[in-house]
$ cat query.cif   # mmCIF, C-alpha atoms and all ligand atoms
data_entry
#
loop_
_atom_site.label_atom_id
_atom_site.label_comp_id
_atom_site.auth_asym_id
_atom_site.auth_seq_id
_atom_site.Cartn_x
_atom_site.Cartn_y
_atom_site.Cartn_z
CA MET Q 1 99.17 122.47 87.92
CA ILE Q 2 102.67 123.31 86.70
CA GLN Q 3 104.57 125.77 88.92
CA SER Q 4 107.62 127.68 87.63
CA PHE Q 5 110.54 128.71 89.81
CA ASN Q 6 113.40 131.14 89.18
CA LYS Q 7 116.81 130.68 90.74
CA ILE Q 8 116.92 131.98 94.31
CA ASN Q 9 120.09 134.01 95.00
CA LYS Q 10 119.70 134.63 98.70
CA VAL Q 11 117.59 133.37 101.62
CA SER Q 12 116.93 135.61 104.64
CA GLY Q 13 114.26 136.33 107.26
CA THR Q 14 112.07 134.43 109.68
CA LEU Q 15 109.42 131.73 109.33
CA SER Q 16 106.86 130.50 111.87
CA LEU Q 17 105.32 127.34 110.48
CA SER Q 18 101.93 125.88 111.26
CA GLY Q 19 101.78 122.94 113.66
CA ASP Q 20 103.45 119.58 113.14
CA LYS Q 21 101.16 117.26 111.20
CA SER Q 22 101.74 114.14 113.32
CA ILE Q 23 101.18 115.99 116.60
CA SER Q 24 98.11 117.76 115.15
CA HIS Q 25 96.39 114.50 114.11
CA ARG Q 26 96.99 113.02 117.55
CA SER Q 27 95.86 116.13 119.46
CA LEU Q 28 92.59 116.08 117.52
CA LEU Q 29 92.02 112.36 118.02
CA ILE Q 30 92.85 112.48 121.74
CA SER Q 31 90.64 115.56 122.21
CA SER Q 32 87.80 113.78 120.41
CA LEU Q 33 88.01 110.94 122.96
CA ALA Q 34 88.09 113.16 126.04
CA ASN Q 35 84.94 114.40 127.73
CA GLY Q 36 84.40 118.10 127.02
CA LYS Q 37 86.19 120.92 125.30
CA SER Q 38 89.90 120.97 124.40
CA ILE Q 39 91.79 123.91 122.95
CA ILE Q 40 94.46 123.47 120.26
CA LYS Q 41 96.83 126.31 119.37
CA ASN Q 42 98.78 126.34 116.10
CA LEU Q 43 97.02 123.29 114.64
CA SER Q 44 98.42 122.21 111.25
CA ASP Q 45 96.55 123.81 108.34
CA SER Q 46 97.40 120.85 106.07
CA ASP Q 47 94.86 118.97 103.95
CA ASP Q 48 95.81 115.78 105.82
CA VAL Q 49 94.80 117.26 109.16
CA ARG Q 50 91.62 118.61 107.56
CA SER Q 51 90.87 114.98 106.58
CA THR Q 52 91.04 113.98 110.24
CA ILE Q 53 88.75 116.89 111.20
CA LYS Q 54 86.22 115.92 108.52
CA CYS Q 55 86.18 112.28 109.67
CA LEU Q 56 85.73 113.38 113.29
CA ASN Q 57 82.86 115.68 112.28
CA GLU Q 58 81.17 112.67 110.63
CA LEU Q 59 81.59 110.86 113.95
CA GLY Q 60 79.69 113.57 115.81
CA ILE Q 61 82.64 115.62 117.05
CA GLU Q 62 81.94 119.35 117.02
CA SER Q 63 84.71 121.85 116.54
CA SER Q 64 85.27 125.50 115.70
CA PHE Q 65 88.18 127.71 114.70
CA LYS Q 66 88.68 131.33 115.81
CA ASP Q 67 91.74 133.59 116.23
CA ASN Q 68 94.10 130.74 115.37
CA ILE Q 69 92.64 128.62 118.21
CA TYR Q 70 90.89 125.36 117.48
CA SER Q 71 88.18 124.26 119.94
CA ILE Q 72 87.01 120.68 119.89
CA SER Q 73 84.38 118.94 122.03
CA GLY Q 74 85.14 115.30 122.75
CA ARG Q 75 82.36 112.73 123.23
CA GLY Q 76 83.99 110.62 125.96
CA PHE Q 77 84.62 106.88 126.27
CA LYS Q 78 83.31 104.96 123.20
CA GLY Q 79 81.10 107.99 122.56
CA TYR Q 80 81.49 108.54 118.80
CA ARG Q 81 78.23 108.77 116.80
CA LYS Q 82 77.61 106.27 113.99
CA PRO Q 83 78.57 108.04 110.75
CA ALA Q 84 75.91 108.51 108.08
CA ARG Q 85 78.37 107.68 105.30
CA GLN Q 86 81.81 106.22 104.61
CA LEU Q 87 84.65 108.07 106.32
CA ASP Q 88 87.10 109.53 103.82
CA ALA Q 89 90.73 109.76 104.97
CA GLU Q 90 91.60 111.18 101.52
CA ASN Q 91 95.44 111.13 101.20
CA SER Q 92 96.18 110.70 104.90
CA GLY Q 93 97.69 107.42 106.11
CA THR Q 94 97.83 108.72 109.69
CA THR Q 95 94.08 109.47 109.66
CA ALA Q 96 93.20 106.03 108.26
CA ARG Q 97 95.49 103.97 110.47
CA LEU Q 98 95.05 105.79 113.80
CA LEU Q 99 91.30 106.23 113.40
CA THR Q 100 90.85 102.53 112.58
CA GLY Q 101 92.36 101.77 116.00
CA ILE Q 102 89.70 103.93 117.66
CA LEU Q 103 86.80 102.80 115.44
CA SER Q 104 87.46 99.17 116.21
CA VAL Q 105 86.28 99.68 119.82
CA GLN Q 106 83.14 101.72 119.00
CA LYS Q 107 79.67 100.20 119.22
CA PHE Q 108 78.73 100.68 115.56
CA GLU Q 109 79.85 99.59 112.11
CA SER Q 110 81.87 102.04 110.03
CA THR Q 111 83.83 102.06 106.79
CA ILE Q 112 86.98 104.05 106.12
CA ASN Q 113 88.18 104.85 102.63
CA GLY Q 114 90.74 107.09 100.95
CA ASP Q 115 91.97 108.47 97.63
CA SER Q 116 93.68 106.31 95.01
CA SER Q 117 97.14 106.77 96.59
CA LEU Q 118 95.97 105.81 100.09
CA SER Q 119 93.89 102.92 98.71
CA SER Q 120 97.03 101.37 97.29
CA ARG Q 121 98.95 101.56 100.60
CA PRO Q 122 99.28 98.53 102.92
CA MET Q 123 96.78 98.19 105.77
CA LYS Q 124 97.49 94.55 106.76
CA ARG Q 125 100.10 96.01 109.09
CA ILE Q 126 97.26 97.37 111.28
CA ILE Q 127 94.62 94.73 110.49
CA GLU Q 128 96.82 91.93 111.89
CA PRO Q 129 97.56 93.34 115.37
CA LEU Q 130 94.08 94.86 115.75
CA THR Q 131 92.54 91.48 114.84
CA GLN Q 132 94.72 89.86 117.51
CA MET Q 133 93.08 92.32 119.92
CA GLY Q 134 89.64 91.10 118.83
CA SER Q 135 88.80 93.84 116.30
CA LYS Q 136 86.60 92.83 113.38
CA ILE Q 137 88.02 94.44 110.26
CA LYS Q 138 87.13 93.43 106.71
CA SER Q 139 89.13 94.36 103.63
CA ASP Q 140 90.02 92.86 100.25
CA VAL Q 141 92.58 90.01 100.24
CA GLU Q 142 95.40 92.48 99.74
CA GLY Q 143 94.40 94.30 102.94
CA ARG Q 144 93.77 97.65 101.23
CA LEU Q 145 91.15 100.34 101.83
CA PRO Q 146 88.20 100.49 102.16
CA LEU Q 147 88.21 98.89 105.61
CA GLN Q 148 84.88 97.85 107.07
CA ILE Q 149 85.07 97.93 110.86
CA LEU Q 150 82.40 95.95 112.73
CA PRO Q 151 81.52 96.28 116.41
CA ALA Q 152 83.50 93.75 118.43
CA GLU Q 153 83.02 92.11 121.79
CA ASN Q 154 85.68 90.50 123.95
CA MET Q 155 88.50 92.81 122.97
CA ARG Q 156 91.79 91.85 124.61
CA ALA Q 157 95.09 93.48 125.46
CA ILE Q 158 98.21 92.21 123.66
CA ASN Q 159 101.98 92.48 123.83
CA TYR Q 160 102.98 93.24 120.26
CA ASN Q 161 106.49 92.94 118.85
CA MET Q 162 106.57 95.38 115.93
CA PRO Q 163 107.63 93.56 112.73
CA ILE Q 164 108.16 96.89 110.92
CA ALA Q 165 109.19 100.25 112.31
CA SER Q 166 105.99 102.28 111.99
CA ALA Q 167 104.64 104.94 114.35
CA GLN Q 168 101.26 104.71 112.63
CA VAL Q 169 100.95 100.99 113.40
CA LYS Q 170 102.18 101.51 116.96
CA SER Q 171 99.70 104.34 117.50
CA SER Q 172 96.78 102.42 116.03
CA ILE Q 173 97.38 99.61 118.57
CA LEU Q 174 97.88 102.08 121.44
CA PHE Q 175 94.57 103.82 120.60
CA THR Q 176 92.72 100.50 120.74
CA GLY Q 177 94.58 99.55 123.96
CA LEU Q 178 93.48 102.86 125.49
CA HIS Q 179 89.97 101.42 125.73
CA LEU Q 180 90.88 98.13 127.50
CA ASP Q 181 91.13 97.26 131.21
CA GLU Q 182 94.31 95.21 130.84
CA GLN Q 183 97.65 96.66 129.73
CA THR Q 184 98.63 96.54 126.06
CA SER Q 185 102.33 96.89 125.23
CA VAL Q 186 103.99 97.64 121.92
CA ILE Q 187 107.60 96.52 121.69
CA GLU Q 188 109.93 98.24 119.22
CA SER Q 189 113.47 97.16 118.40
CA ILE Q 190 113.83 100.25 116.19
CA GLN Q 191 112.54 103.53 117.56
CA THR Q 192 109.81 105.50 115.76
CA ARG Q 193 108.26 108.89 116.51
CA ASN Q 194 106.67 108.93 119.97
CA HIS Q 195 103.98 111.63 119.86
CA THR Q 196 101.13 109.29 120.88
CA GLU Q 197 103.08 108.22 123.97
CA ASN Q 198 103.93 111.86 124.79
CA LEU Q 199 100.43 113.25 124.41
CA LEU Q 200 98.80 110.39 126.33
CA ASN Q 201 101.59 110.51 128.91
CA LEU Q 202 102.20 106.76 128.57
CA ARG Q 203 104.74 104.64 130.42
CA VAL Q 204 107.70 103.90 128.14
CA VAL Q 205 110.62 101.74 129.31
CA VAL Q 206 113.75 100.45 127.60
CA GLU Q 207 114.57 96.79 128.29
CA ASP Q 208 117.26 94.76 126.47
CA GLU Q 209 117.52 97.57 123.89
CA LYS Q 210 113.80 97.32 123.15
CA ILE Q 211 111.41 100.22 123.66
CA ILE Q 212 108.19 99.15 125.38
CA SER Q 213 105.22 101.53 125.36
CA SER Q 214 102.24 100.51 127.50
CA VAL Q 215 98.67 101.71 127.63
CA SER Q 216 95.33 100.84 129.25
CA LYS Q 217 92.05 102.53 130.19
CA HIS Q 218 93.94 104.22 133.07
CA ASN Q 219 95.57 106.47 130.48
CA TYR Q 220 92.22 107.66 129.08
CA PRO Q 221 92.62 111.40 128.40
CA ASP Q 222 90.91 114.44 129.90
CA ALA Q 223 90.10 117.54 127.86
CA LYS Q 224 93.03 119.98 127.88
CA GLU Q 225 94.99 122.65 126.07
CA TYR Q 226 97.57 121.89 123.38
CA PHE Q 227 100.24 124.00 121.71
CA ILE Q 228 101.47 122.34 118.51
CA PRO Q 229 105.10 123.15 117.65
CA GLY Q 230 105.92 124.03 114.03
CA ASP Q 231 106.24 121.13 111.59
CA ILE Q 232 109.89 120.06 111.40
CA SER Q 233 109.27 118.02 108.21
CA SER Q 234 107.95 121.16 106.46
CA ALA Q 235 110.79 123.21 107.96
CA MET Q 236 113.35 120.87 106.41
CA PHE Q 237 112.74 122.14 102.87
CA PHE Q 238 113.65 125.68 103.98
CA VAL Q 239 116.60 124.42 106.06
CA VAL Q 240 118.00 122.64 103.00
CA LEU Q 241 117.45 125.67 100.72
CA THR Q 242 119.25 127.98 103.19
CA LEU Q 243 122.21 125.63 103.65
CA LEU Q 244 122.67 125.38 99.89
CA THR Q 245 122.22 129.09 99.01
CA LYS Q 246 125.20 131.46 99.37
CA ASN Q 247 125.17 134.37 101.89
CA SER Q 248 121.97 133.12 103.49
CA GLU Q 249 120.57 132.94 107.01
CA LEU Q 250 117.12 131.86 108.17
CA LEU Q 251 115.38 131.82 111.56
CA LEU Q 252 112.67 129.17 112.01
CA LYS Q 253 110.65 129.83 115.15
CA ASN Q 254 109.03 127.30 117.52
CA VAL Q 255 109.78 124.18 115.52
CA SER Q 256 109.17 120.72 117.00
CA LEU Q 257 112.42 119.45 118.55
CA ASN Q 258 111.06 116.09 119.66
CA PRO Q 259 114.20 113.86 119.76
CA THR Q 260 112.48 111.23 117.58
CA ARG Q 261 112.18 113.86 114.84
CA THR Q 262 115.45 115.83 114.99
CA GLU Q 263 117.71 113.13 113.53
CA CYS Q 264 117.49 115.01 110.19
CA LEU Q 265 119.07 118.08 111.81
CA LYS Q 266 121.78 115.96 113.46
CA LEU Q 267 122.55 114.39 110.10
CA LEU Q 268 122.84 117.76 108.36
CA LYS Q 269 125.13 119.01 111.14
CA LYS Q 270 127.33 115.92 110.64
CA MET Q 271 127.46 116.80 106.93
CA GLY Q 272 128.82 120.23 107.90
CA GLY Q 273 125.54 122.16 108.18
CA ASN Q 274 125.61 125.36 110.22
CA ILE Q 275 122.42 124.91 112.26
CA GLN Q 276 121.94 126.35 115.71
CA ILE Q 277 119.20 124.74 117.80
CA ASP Q 278 117.73 126.72 120.72
CA GLU Q 279 115.20 124.91 122.89
CA LYS Q 280 112.47 127.29 124.05
CA GLY Q 281 109.83 125.22 125.78
CA ILE Q 282 107.87 122.04 126.23
CA SER Q 283 104.15 121.44 125.84
CA ASN Q 284 102.47 118.09 126.63
CA ASN Q 285 105.94 116.46 126.68
CA GLU Q 286 106.74 117.85 123.21
CA VAL Q 287 109.92 119.96 123.06
CA TYR Q 288 110.11 122.94 120.70
CA GLY Q 289 112.48 125.79 119.90
CA ASP Q 290 114.14 127.94 117.25
CA LEU Q 291 116.54 127.01 114.46
CA ILE Q 292 119.09 129.41 112.99
CA VAL Q 293 120.40 128.08 109.69
CA LYS Q 294 123.30 129.52 107.67
CA SER Q 295 124.82 128.74 104.24
CA SER Q 296 127.22 125.81 104.52
CA ASP Q 297 129.65 123.65 102.65
CA LEU Q 298 128.43 120.04 102.95
CA SER Q 299 129.90 116.55 102.56
CA ASN Q 300 127.79 113.42 102.13
CA ILE Q 301 127.64 110.56 104.62
CA LYS Q 302 125.96 107.20 104.05
CA ILE Q 303 122.44 107.08 105.47
CA GLU Q 304 121.14 103.70 106.66
CA ASN Q 305 119.81 101.42 109.39
CA GLU Q 306 117.99 102.46 112.52
CA ILE Q 307 117.95 106.19 111.81
CA ILE Q 308 115.74 105.65 108.72
CA PRO Q 309 112.37 105.63 110.60
CA LEU Q 310 113.46 108.82 112.38
CA ILE Q 311 114.11 110.68 109.09
CA ILE Q 312 111.61 108.90 106.86
CA ASP Q 313 109.62 112.02 105.92
CA GLU Q 314 112.72 114.17 105.47
CA ILE Q 315 114.48 111.93 102.91
CA PRO Q 316 113.15 113.82 99.84
CA ALA Q 317 114.56 117.09 101.28
CA LEU Q 318 117.82 115.43 102.40
CA THR Q 319 118.32 114.07 98.89
CA ILE Q 320 118.52 117.63 97.55
CA THR Q 321 121.40 118.39 99.96
CA GLY Q 322 122.99 115.14 98.84
CA ILE Q 323 123.13 116.28 95.21
CA PHE Q 324 125.13 119.40 96.09
CA ALA Q 325 127.26 117.96 98.90
CA ARG Q 326 130.73 116.53 98.21
CA GLY Q 327 130.90 112.78 97.52
CA VAL Q 328 128.21 110.21 96.84
CA PHE Q 329 124.75 110.41 98.40
CA GLU Q 330 123.83 106.86 99.42
CA LEU Q 331 120.66 105.74 101.16
CA ARG Q 332 119.99 102.11 102.19
CA GLY Q 333 117.48 100.28 104.41
CA ALA Q 334 114.66 102.60 103.36
CA SER Q 335 112.24 100.28 101.53
CA GLU Q 336 109.34 101.85 103.50
CA LEU Q 337 109.74 104.80 101.11
CA ARG Q 338 108.12 102.62 98.45
CA VAL Q 339 104.79 102.62 100.33
CA LYS Q 340 104.45 106.32 101.13
CA GLU Q 341 102.15 108.78 99.29
CA SER Q 342 104.08 107.67 96.18
CA ASP Q 343 106.88 105.16 95.66
CA ARG Q 344 109.39 107.78 96.76
CA ILE Q 345 112.46 105.80 95.68
CA LYS Q 346 111.11 105.55 92.14
CA ALA Q 347 109.90 109.18 92.15
CA ILE Q 348 113.22 110.60 93.37
CA CYS Q 349 115.33 108.49 90.98
CA ALA Q 350 113.14 109.39 87.97
CA ASN Q 351 113.52 113.10 88.72
CA LEU Q 352 117.27 112.91 89.35
CA LEU Q 353 117.80 111.18 86.02
CA LYS Q 354 116.21 114.23 84.36
CA ILE Q 355 119.21 116.34 85.36
CA GLY Q 356 121.79 113.89 84.11
CA LEU Q 357 122.99 112.62 87.49
CA ASP Q 358 124.40 109.11 87.93
CA VAL Q 359 121.62 107.36 89.79
CA GLU Q 360 121.54 103.78 91.01
CA GLU Q 361 118.21 102.48 92.30
CA TYR Q 362 118.09 99.69 94.90
CA GLU Q 363 115.07 97.92 96.37
CA ASP Q 364 115.73 99.71 99.67
CA GLY Q 365 117.27 103.01 98.55
CA PHE Q 366 119.40 104.69 95.93
CA SER Q 367 122.73 106.40 95.35
CA VAL Q 368 123.40 109.61 93.44
CA SER Q 369 126.62 111.16 92.18
CA GLY Q 370 127.95 113.21 89.29
CA LYS Q 371 127.36 116.75 88.07
CA ILE Q 372 124.03 118.30 87.11
CA LYS Q 373 123.46 118.52 83.35
CA GLN Q 374 120.14 120.24 82.88
CA ILE Q 375 118.59 118.00 80.24
CA SER Q 376 115.01 118.74 81.36
CA LYS Q 377 113.68 121.67 83.37
CA GLN Q 378 110.47 119.99 84.50
CA PHE Q 379 110.13 117.64 87.45
CA GLU Q 380 107.22 115.34 88.33
CA SER Q 381 105.51 115.38 91.73
CA PHE Q 382 103.91 111.93 91.35
CA GLY Q 383 101.01 113.52 93.26
CA ASP Q 384 103.21 113.46 96.38
CA HIS Q 385 103.55 116.63 98.47
CA ARG Q 386 107.07 115.95 99.69
CA ILE Q 387 108.35 115.13 96.20
CA ALA Q 388 106.75 118.36 94.91
CA MET Q 389 108.44 120.45 97.64
CA ALA Q 390 111.83 118.75 97.37
CA PHE Q 391 112.00 119.37 93.62
CA SER Q 392 110.67 122.93 93.99
CA ILE Q 393 113.72 123.55 96.19
CA LEU Q 394 115.95 121.91 93.62
CA THR Q 395 114.62 124.10 90.77
CA SER Q 396 115.23 127.19 92.95
CA LEU Q 397 118.90 126.16 93.14
CA LEU Q 398 119.38 125.58 89.39
CA LYS Q 399 121.01 128.23 87.19
CA ASP Q 400 117.92 128.67 85.00
CA GLY Q 401 115.24 127.64 87.51
CA GLY Q 402 112.64 125.08 86.40
CA LYS Q 403 109.13 123.71 86.79
CA VAL Q 404 107.26 121.24 88.97
CA GLU Q 405 104.21 119.42 87.63
CA GLY Q 406 101.42 118.51 90.08
CA PHE Q 407 102.63 121.24 92.43
CA GLU Q 408 99.17 121.57 94.07
CA SER Q 409 99.87 118.40 96.10
CA VAL Q 410 102.01 120.53 98.50
CA SER Q 411 98.79 121.42 100.36
CA VAL Q 412 98.69 117.86 101.74
CA SER Q 413 101.23 119.04 104.32
CA ASN Q 414 101.88 122.76 103.72
CA PRO Q 415 99.38 124.89 101.75
CA ASP Q 416 101.54 128.01 102.43
CA PHE Q 417 104.74 126.55 101.00
CA LEU Q 418 104.94 128.93 98.01
CA LYS Q 419 104.05 132.03 100.03
CA GLN Q 420 106.66 131.11 102.65
CA LEU Q 421 109.29 130.39 99.99
CA LYS Q 422 108.70 133.79 98.35
CA SER Q 423 108.81 135.60 101.70
CA ILE Q 424 112.38 134.45 102.45
CA SER Q 425 113.96 134.55 98.98
CA SER Q 426 115.47 137.17 96.73
C1 LIG O 1 103.59 109.23 110.77
C2 LIG O 1 104.46 108.17 110.73
C3 LIG O 1 105.25 107.84 109.56
C4 LIG O 1 105.36 109.02 108.61
C5 LIG O 1 104.05 109.66 108.36
C6 LIG O 1 103.45 110.16 109.66
C7 LIG O 1 102.80 109.43 111.99
O1 LIG O 1 104.64 106.76 108.86
O2 LIG O 1 105.96 108.62 107.39
O3 LIG O 1 104.19 110.76 107.47
O4 LIG O 1 102.22 110.52 112.16
O5 LIG O 1 102.73 108.50 112.79
P1 LIG O 1 104.92 105.23 109.29
O6 LIG O 1 104.56 105.11 110.70
O7 LIG O 1 104.03 104.40 108.43
O8 LIG O 1 106.36 105.00 109.01
#
$ encode --input "query.cif" --output "structure tokens"
Amino acid sequence: MIQSFNKINKVSGTLSLSGDKSISHRSLLISSLANGKSIIKNLSDSDDVRSTIKCLNELGIESSFKDNIYSISGRGFKGYRKPARQLDAENSGTTARLLTGILSVQKFESTINGDSSLSSRPMKRIIEPLTQMGSKIKSDVEGRLPLQILPAENMRAINYNMPIASAQVKSSILFTGLHLDEQTSVIESIQTRNHTENLLNLRVVVEDEKIISSVSKHNYPDAKEYFIPGDISSAMFFVVLTLLTKNSELLLKNVSLNPTRTECLKLLKKMGGNIQIDEKGISNNEVYGDLIVKSSDLSNIKIENEIIPLIIDEIPALTITGIFARGVFELRGASELRVKESDRIKAICANLLKIGLDVEEYEDGFSVSGKIKQISKQFESFGDHRIAMAFSILTSLLKDGGKVEGFESVSVSNPDFLKQLKSISS
């Protein structure tokens, strides 16, 4: 579907976004493991989170939704039911990777699959550590989906030094370790988002600049109540639009302010962004609060190194600020972008070339400079929700507006994106 956008002249008003996608997946998975009924408020309404719900339903987990409250009945320790068919994670890497960690300790065989994008993404990164723990996972030689997960005996705890910075890999290991008597530890030299540790209340220590997160059966969860703060990655598109639109001000209510996710806001503030952050509360160790964003004059700074995993999902949105900020936008050390829902480095560079910018593509990033010359008015989504939203924001900032092809992919993380955009723009 091709979506047209006119130029937005002013942004104003308030947005309350549905729950953070990463925290939503984990709340569902943890609730499914507990014995009895958990309550989840403000669960993400994204397609990705729906994929997790559908997989859990196949595994015998019953749930219902009423008055914006999600109720889910967990089946207890190793209590999932053998699914009648293949589990379909669709587009969701978090569903596939975290669920594989849990499936590998169940007493039955299961197979997890996904759409063509997910089936081309690397899974060896979870197969290797889970196999070290005794899991029996079969895949093709490339280590892609579908994964066939066989029942395993003699599972063992491990200490795992993370070779790549990935919260999905870390969480997959922690979910397997949650079923073992001995303590499993994941050791990170570069920090990644810590929602699994927060929601399971795990012990996390810092030793010799390494972050060590440990888990065992003692951390097995009870049923409880969750409030999911608004999705900061979805919020970023509106933050960027407000900063770049004249005479604008936007209030975003109850957004996740988990410190492993707010690096994008810190970066925008360093660039000159007028963003006020007001902490309001904390739920299951997850901090949340309001953001007040105002139009700003921005200057680029080089983005690289250890902050990359902490802003990985916000890079498409940050790139749009980079185009309008003074100086060169330069991103390095971000090769993980090549294995997201699309090759995001390629997707971003291809779209930026359409508006005549000077773009240099590197294996691990890109740089952009120059002035916009609107050669083409239509951008490609590459079937990737965050590329679709980033370039929707860009078209809304262009003199004559523009179009985004494959716009429907936005529902992977935010089905209400267009409605929300319209409600704050004039
Ligand atoms: C996620 C972790 C990140 C992120 C993804 C969600 C998570 O992936 O890009 O959108 O919920 O753990 P990686 O852990 O593979 O970097």
$ atom_distance --input "query.cif" --atom1 "CA of Glu361 in chain Q" --atom2 "CA of Leu145 in chain Q"
28.8 Å
$ closest_residue --input "query.cif" --among "Q:Gly322, Q:Gly356, Q:Gly370, Q:Gly365" --to "Arg338 in chain Q" --atoms "all atoms listed in the file"
Q:Gly365
$ closest_residue --input "query.cif" --among "Q:Lys377, Q:Lys21, Q:His179, Q:Lys37" --to "ligand LIG 1 (chain O)" --atoms "only C-alpha atoms and all ligand atoms"
Q:Lys21
$ closest_residue --input "query.cif" --among "Q:Pro146, Q:Pro129, Q:Gly93, Q:Pro316" --to "ligand LIG 1 (chain O)" --atoms "only C-alpha atoms and all ligand atoms"
Q:Gly93
$ closest_atom_pairs --input "query.cif" --of "chain Q" --to "ligand LIG 1 (chain O)" --cutoff "10 Å" --atoms "all atoms listed in the file" --output "JSON lines"
{"residue": "Q:Asp20", "atom": "CA", "partner": "O:LIG1", "partner_atom": "O4", "distance": 9.2}
{"residue": "Q:Lys21", "atom": "CA", "partner": "O:LIG1", "partner_atom": "O4", "distance": 6.9}
{"residue": "Q:Ser22", "atom": "CA", "partner": "O:LIG1", "partner_atom": "O4", "distance": 3.8}
{"residue": "Q:Ile23", "atom": "CA", "partner": "O:LIG1", "partner_atom": "O4", "distance": 7.1}
{"residue": "Q:Ser24", "atom": "CA", "partner": "O:LIG1", "partner_atom": "O4", "distance": 8.8}
{"residue": "Q:His25", "atom": "CA", "partner": "O:LIG1", "partner_atom": "O4", "distance": 7.3}
{"residue": "Q:Arg26", "atom": "CA", "partner": "O:LIG1", "partner_atom": "O4", "distance": 7.9}
{"residue": "Q:Asp48", "atom": "CA", "partner": "O:LIG1", "partner_atom": "O3", "distance": 9.9}
{"residue": "Q:Ser92", "atom": "CA", "partner": "O:LIG1", "partner_atom": "O3", "distance": 8.4}
{"residue": "Q:Gly93", "atom": "CA", "partner": "O:LIG1", "partner_atom": "C5", "distance": 7.1}
{"residue": "Q:Thr94", "atom": "CA", "partner": "O:LIG1", "partner_atom": "O4", "distance": 5.3}
{"residue": "Q:Thr95", "atom": "CA", "partner": "O:LIG1", "partner_atom": "O4", "distance": 8.6}
{"residue": "Q:Arg97", "atom": "CA", "partner": "O:LIG1", "partner_atom": "O7", "distance": 8.8}
{"residue": "Q:Leu98", "atom": "CA", "partner": "O:LIG1", "partner_atom": "O5", "distance": 8.2}
{"residue": "Q:Arg121", "atom": "CA", "partner": "O:LIG1", "partner_atom": "O7", "distance": 9.8}
{"residue": "Q:Pro122", "atom": "CA", "partner": "O:LIG1", "partner_atom": "O7", "distance": 9.3}
{"residue": "Q:Met123", "atom": "CA", "partner": "O:LIG1", "partner_atom": "O7", "distance": 9.9}
{"residue": "Q:Arg125", "atom": "CA", "partner": "O:LIG1", "partner_atom": "O7", "distance": 9.3}
{"residue": "Q:Ile164", "atom": "CA", "partner": "O:LIG1", "partner_atom": "O8", "distance": 8.5}
{"residue": "Q:Ala165", "atom": "CA", "partner": "O:LIG1", "partner_atom": "O8", "distance": 6.4}
{"residue": "Q:Ser166", "atom": "CA", "partner": "O:LIG1", "partner_atom": "O6", "distance": 3.4}
{"residue": "Q:Ala167", "atom": "CA", "partner": "O:LIG1", "partner_atom": "O6", "distance": 3.7}
{"residue": "Q:Gln168", "atom": "CA", "partner": "O:LIG1", "partner_atom": "O6", "distance": 3.8}
{"residue": "Q:Val169", "atom": "CA", "partner": "O:LIG1", "partner_atom": "O6", "distance": 6.1}
{"residue": "Q:Lys170", "atom": "CA", "partner": "O:LIG1", "partner_atom": "O6", "distance": 7.6}
{"residue": "Q:Ser171", "atom": "CA", "partner": "O:LIG1", "partner_atom": "O5", "distance": 7.0}
{"residue": "Q:Ser172", "atom": "CA", "partner": "O:LIG1", "partner_atom": "O5", "distance": 9.1}
{"residue": "Q:Thr192", "atom": "CA", "partner": "O:LIG1", "partner_atom": "O6", "distance": 7.3}
{"residue": "Q:Arg193", "atom": "CA", "partner": "O:LIG1", "partner_atom": "O5", "distance": 6.7}
{"residue": "Q:Asn194", "atom": "CA", "partner": "O:LIG1", "partner_atom": "O5", "distance": 8.2}
{"residue": "Q:His195", "atom": "CA", "partner": "O:LIG1", "partner_atom": "O5", "distance": 7.8}
{"residue": "Q:Thr196", "atom": "CA", "partner": "O:LIG1", "partner_atom": "O5", "distance": 8.3}
{"residue": "Q:Ser233", "atom": "CA", "partner": "O:LIG1", "partner_atom": "O3", "distance": 8.9}
{"residue": "Q:Ile308", "atom": "CA", "partner": "O:LIG1", "partner_atom": "O8", "distance": 9.4}
{"residue": "Q:Pro309", "atom": "CA", "partner": "O:LIG1", "partner_atom": "O8", "distance": 6.2}
{"residue": "Q:Leu310", "atom": "CA", "partner": "O:LIG1", "partner_atom": "C3", "distance": 8.7}
{"residue": "Q:Ile311", "atom": "CA", "partner": "O:LIG1", "partner_atom": "O2", "distance": 8.6}
{"residue": "Q:Ile312", "atom": "CA", "partner": "O:LIG1", "partner_atom": "O2", "distance": 5.7}
{"residue": "Q:Asp313", "atom": "CA", "partner": "O:LIG1", "partner_atom": "O2", "distance": 5.2}
{"residue": "Q:Glu314", "atom": "CA", "partner": "O:LIG1", "partner_atom": "O2", "distance": 9.0}
{"residue": "Q:Glu336", "atom": "CA", "partner": "O:LIG1", "partner_atom": "O8", "distance": 7.0}
{"residue": "Q:Leu337", "atom": "CA", "partner": "O:LIG1", "partner_atom": "O2", "distance": 8.3}
{"residue": "Q:Val339", "atom": "CA", "partner": "O:LIG1", "partner_atom": "O7", "distance": 8.3}
{"residue": "Q:Lys340", "atom": "CA", "partner": "O:LIG1", "partner_atom": "O2", "distance": 6.8}
{"residue": "Q:Glu341", "atom": "CA", "partner": "O:LIG1", "partner_atom": "O3", "distance": 8.7}
{"residue": "Q:Arg386", "atom": "CA", "partner": "O:LIG1", "partner_atom": "O3", "distance": 9.8}
{"residue": "Q:Ser413", "atom": "CA", "partner": "O:LIG1", "partner_atom": "O3", "distance": 9.3}
